[in-house]
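Structure first, then comments.
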Amino acid sequence: FEVAKTGDSRIGFVGFPSVGKSTLLSNLAGVYSEVAAYEFTTLTTVPGCIKYKGAKIQLLDLPGIIEGAKDGKGRGRQVIAVARTANLIFIVLDVLKPLGHKKIIEQELEGFGIRLNKTPPNIIFKKKEKGGINMQAIVPQSEMDLDLVKTILAEYRIHNADIVFKCDATSDEFIDVVEGNRTYIPCIYLLNKIDQISIEELDIICKIPHTVPISAHHKWNYDSLLEKMWDYLALVRIYTKPKGQLPDYEAPVVLQAGKSTVEDFCNKIHKTIIKELKYALVWGSSVKHQPQRVGKDHVLDDEDVIQIVKKV
């Protein structure tokens, strides 16, 4: 049921049975995932891979989720466990079926510790051996106070901890930080089968945030789907330049945004390089001068060109 991670980034397709996940995958990636008009056609994970803007992106067609999946109904746990490892989740919805489906899928994923389109709350939480509970609030809190914090931590049998709130947090966000096993994944809702509704309805539907209306069968609106996917993945492409030659624009090294320092770049190629790194020369939008000498902590931007200079 598990799939080896290939490519630079990985996207999971989540949705109810028979909403067109397999059609979408086979049209995007050219992989044949079995398609039929009955529910539960796909039984295990089907991987596919597309190249987009030089990055290899792995697409996973997951089996349909039903209500109660997080409690293990219909192989639901394995499905969601694979979805947790993705960098982006596509929730495929049928336009004709109600928006209640969107709520159910969100609940199933939330119940498994996946937070969609959220950033981790800015709360610092440290357990310690003794000294009771210390709470600092840098921003005025509308909901959390010391008593509430103590009550929540008592549930987890934690009686000694330091907590610093750097944002106005809710109790749910605080619990997420205490449990510490939450994954924050961006997500795009794909409204499939738009060939079966009127244009007026389509205009209303387009106003929902994070959505892309498509028709998997007729291959409508795939370009804006891929554009939006690229925005949400936030990948950084780095081109390499051997000494005395032109940069290689064919095969970029692809890093995740937020993990795009020179050190991350070196580790992506081979972990011995960082030990031999003297400095790097960078051309592009992340530096003032073209080229500029930088150290291992310099953060690279998309489509920078880099040349590594080793110690002799």
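By convention here, the chains of the structure tokens are called A, B, ... in the order presented, each chain's residues are numbered starting at 1, and ligands are numbered starting at 1 in the order presented.
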
- [ ] Within 9 Å of A:Pro252, counting only C-alpha atoms, which residues show up once you throw out same-chain ones fewer than 2 positions away? Write them as a ChimeraX atom specification, please.
- [x] /A:54-55,237-240,248-250,254,303

Open item on the list: I want to know what sits within 6 Å of stretch 108-117 of chain A, based on only C-alpha atoms, with residues of the same chain fewer than 4 positions away left out; could you give that as a PyMOL selection string?
Closed with: chain A and resi 70+182-187

- [ ] Name the closest residue to A:Asp195 among the candidates A:Val139, A:Val95, A:Leu226, A:Leu281; distances are taken between atoms, counting only C-alpha atoms.
- [x] A:Val95

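Considering the residues A:Leu96, A:Leu25, A:Leu277, A:Ile11 and counting only C-alpha atoms, A:Leu202 has its shortest atom-to-atom contact with A:Leu96.
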
What lies within 10 Å of A:Ala169 using only C-alpha atoms, ignoring chain neighbours under 6 positions off, as a PDB file with N, CA, C and O atoms, in the first residue's frame?
```pdb
ATOM      1  N   PRO A 121       0.811  27.089  14.424  1.00  0.00           N
ATOM      2  CA  PRO A 121       0.665  28.234  15.328  1.00  0.00           C
ATOM      3  C   PRO A 121       2.012  28.581  15.963  1.00  0.00           C
ATOM      4  O   PRO A 121       2.824  27.689  16.240  1.00  0.00           O
ATOM      5  N   ASN A 122       2.230  29.872  16.184  1.00  0.00           N
ATOM      6  CA  ASN A 122       3.518  30.330  16.702  1.00  0.00           C
ATOM      7  C   ASN A 122       3.523  30.214  18.223  1.00  0.00           C
ATOM      8  O   ASN A 122       3.396  31.210  18.939  1.00  0.00           O
ATOM      9  N   ILE A 123       3.639  28.993  18.716  1.00  0.00           N
ATOM     10  CA  ILE A 123       3.630  28.737  20.156  1.00  0.00           C
ATOM     11  C   ILE A 123       4.871  27.914  20.477  1.00  0.00           C
ATOM     12  O   ILE A 123       5.144  26.924  19.801  1.00  0.00           O
ATOM     13  N   ALA A 137       2.644  35.369  27.488  1.00  0.00           N
ATOM     14  CA  ALA A 137       1.894  35.743  26.301  1.00  0.00           C
ATOM     15  C   ALA A 137       2.464  37.050  25.767  1.00  0.00           C
ATOM     16  O   ALA A 137       2.407  38.075  26.440  1.00  0.00           O
ATOM     17  N   VAL A 139       1.510  38.301  22.810  1.00  0.00           N
ATOM     18  CA  VAL A 139       0.359  38.963  22.187  1.00  0.00           C
ATOM     19  C   VAL A 139      -0.824  38.774  23.141  1.00  0.00           C
ATOM     20  O   VAL A 139      -0.955  37.707  23.737  1.00  0.00           O
ATOM     21  N   PRO A 140      -1.671  39.782  23.335  1.00  0.00           N
ATOM     22  CA  PRO A 140      -2.828  39.565  24.232  1.00  0.00           C
ATOM     23  C   PRO A 140      -3.713  38.417  23.752  1.00  0.00           C
ATOM     24  O   PRO A 140      -4.045  38.331  22.574  1.00  0.00           O
ATOM     25  N   GLN A 141      -4.092  37.557  24.683  1.00  0.00           N
ATOM     26  CA  GLN A 141      -4.833  36.345  24.329  1.00  0.00           C
ATOM     27  C   GLN A 141      -6.325  36.561  24.544  1.00  0.00           C
ATOM     28  O   GLN A 141      -6.738  37.042  25.597  1.00  0.00           O
ATOM     29  N   SER A 142      -7.125  36.182  23.539  1.00  0.00           N
ATOM     30  CA  SER A 142      -8.576  36.325  23.695  1.00  0.00           C
ATOM     31  C   SER A 142      -9.178  35.111  24.400  1.00  0.00           C
ATOM     32  O   SER A 142     -10.187  35.218  25.070  1.00  0.00           O
ATOM     33  N   GLU A 143      -8.548  33.945  24.252  1.00  0.00           N
ATOM     34  CA  GLU A 143      -9.154  32.729  24.792  1.00  0.00           C
ATOM     35  C   GLU A 143      -8.310  32.068  25.873  1.00  0.00           C
ATOM     36  O   GLU A 143      -8.821  31.634  26.891  1.00  0.00           O
ATOM     37  N   MET A 144      -6.988  31.988  25.647  1.00  0.00           N
ATOM     38  CA  MET A 144      -6.150  31.191  26.553  1.00  0.00           C
ATOM     39  C   MET A 144      -5.773  31.996  27.794  1.00  0.00           C
ATOM     40  O   MET A 144      -5.395  33.161  27.696  1.00  0.00           O
TER      41      MET A 144
END
```

Open item on the list: DSSP on the backbone, strand (DSSP E) only: what residues of stretch 108-312 of chain A does that give? Format it as a PyMOL selection string.
Closed with: chain A and resi 114-116+123-127+133-137+161-165+183-185+187-192+211-213+235-240+248-256+277-283+292-294+304-310

Open item on the list: Applying 8 Å and only C-alpha atoms, which residues near A:Leu225 remain after dropping the ones on its own chain fewer than 4 positions away? List them as a PyMOL selection string.
Closed with: chain A and resi 212+214+221+229

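Interatomic distance, atom CA of A:Ile274 to atom CA of A:Lys241: 16.8 Å.
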
- [ ] To one decimal in Å, tell me the separation between atom CA of A:Arg10 and atom CA of A:Ile57.
- [x] 5.8 Å

TODO: Using only C-alpha atoms, pick whichever of A:Leu146, A:Leu62, A:Leu300, A:Val164 has the shortest atom-to-atom distance to A:Gln256.
DONE: A:Leu300

- [ ] Skip stretch 147-151 of chain A itself and residues of its chain fewer than 4 positions away, then list as a PyMOL selection string all residues within 9 Å of it, counting only C-alpha atoms.
- [x] chain A and resi 133+135+143+155+158-159+171+174

Task: Which of A:Ala161, A:Ala86, A:Leu93, A:Leu60 sits closest to A:Ile205 [using only C-alpha atoms] - done: A:Leu93
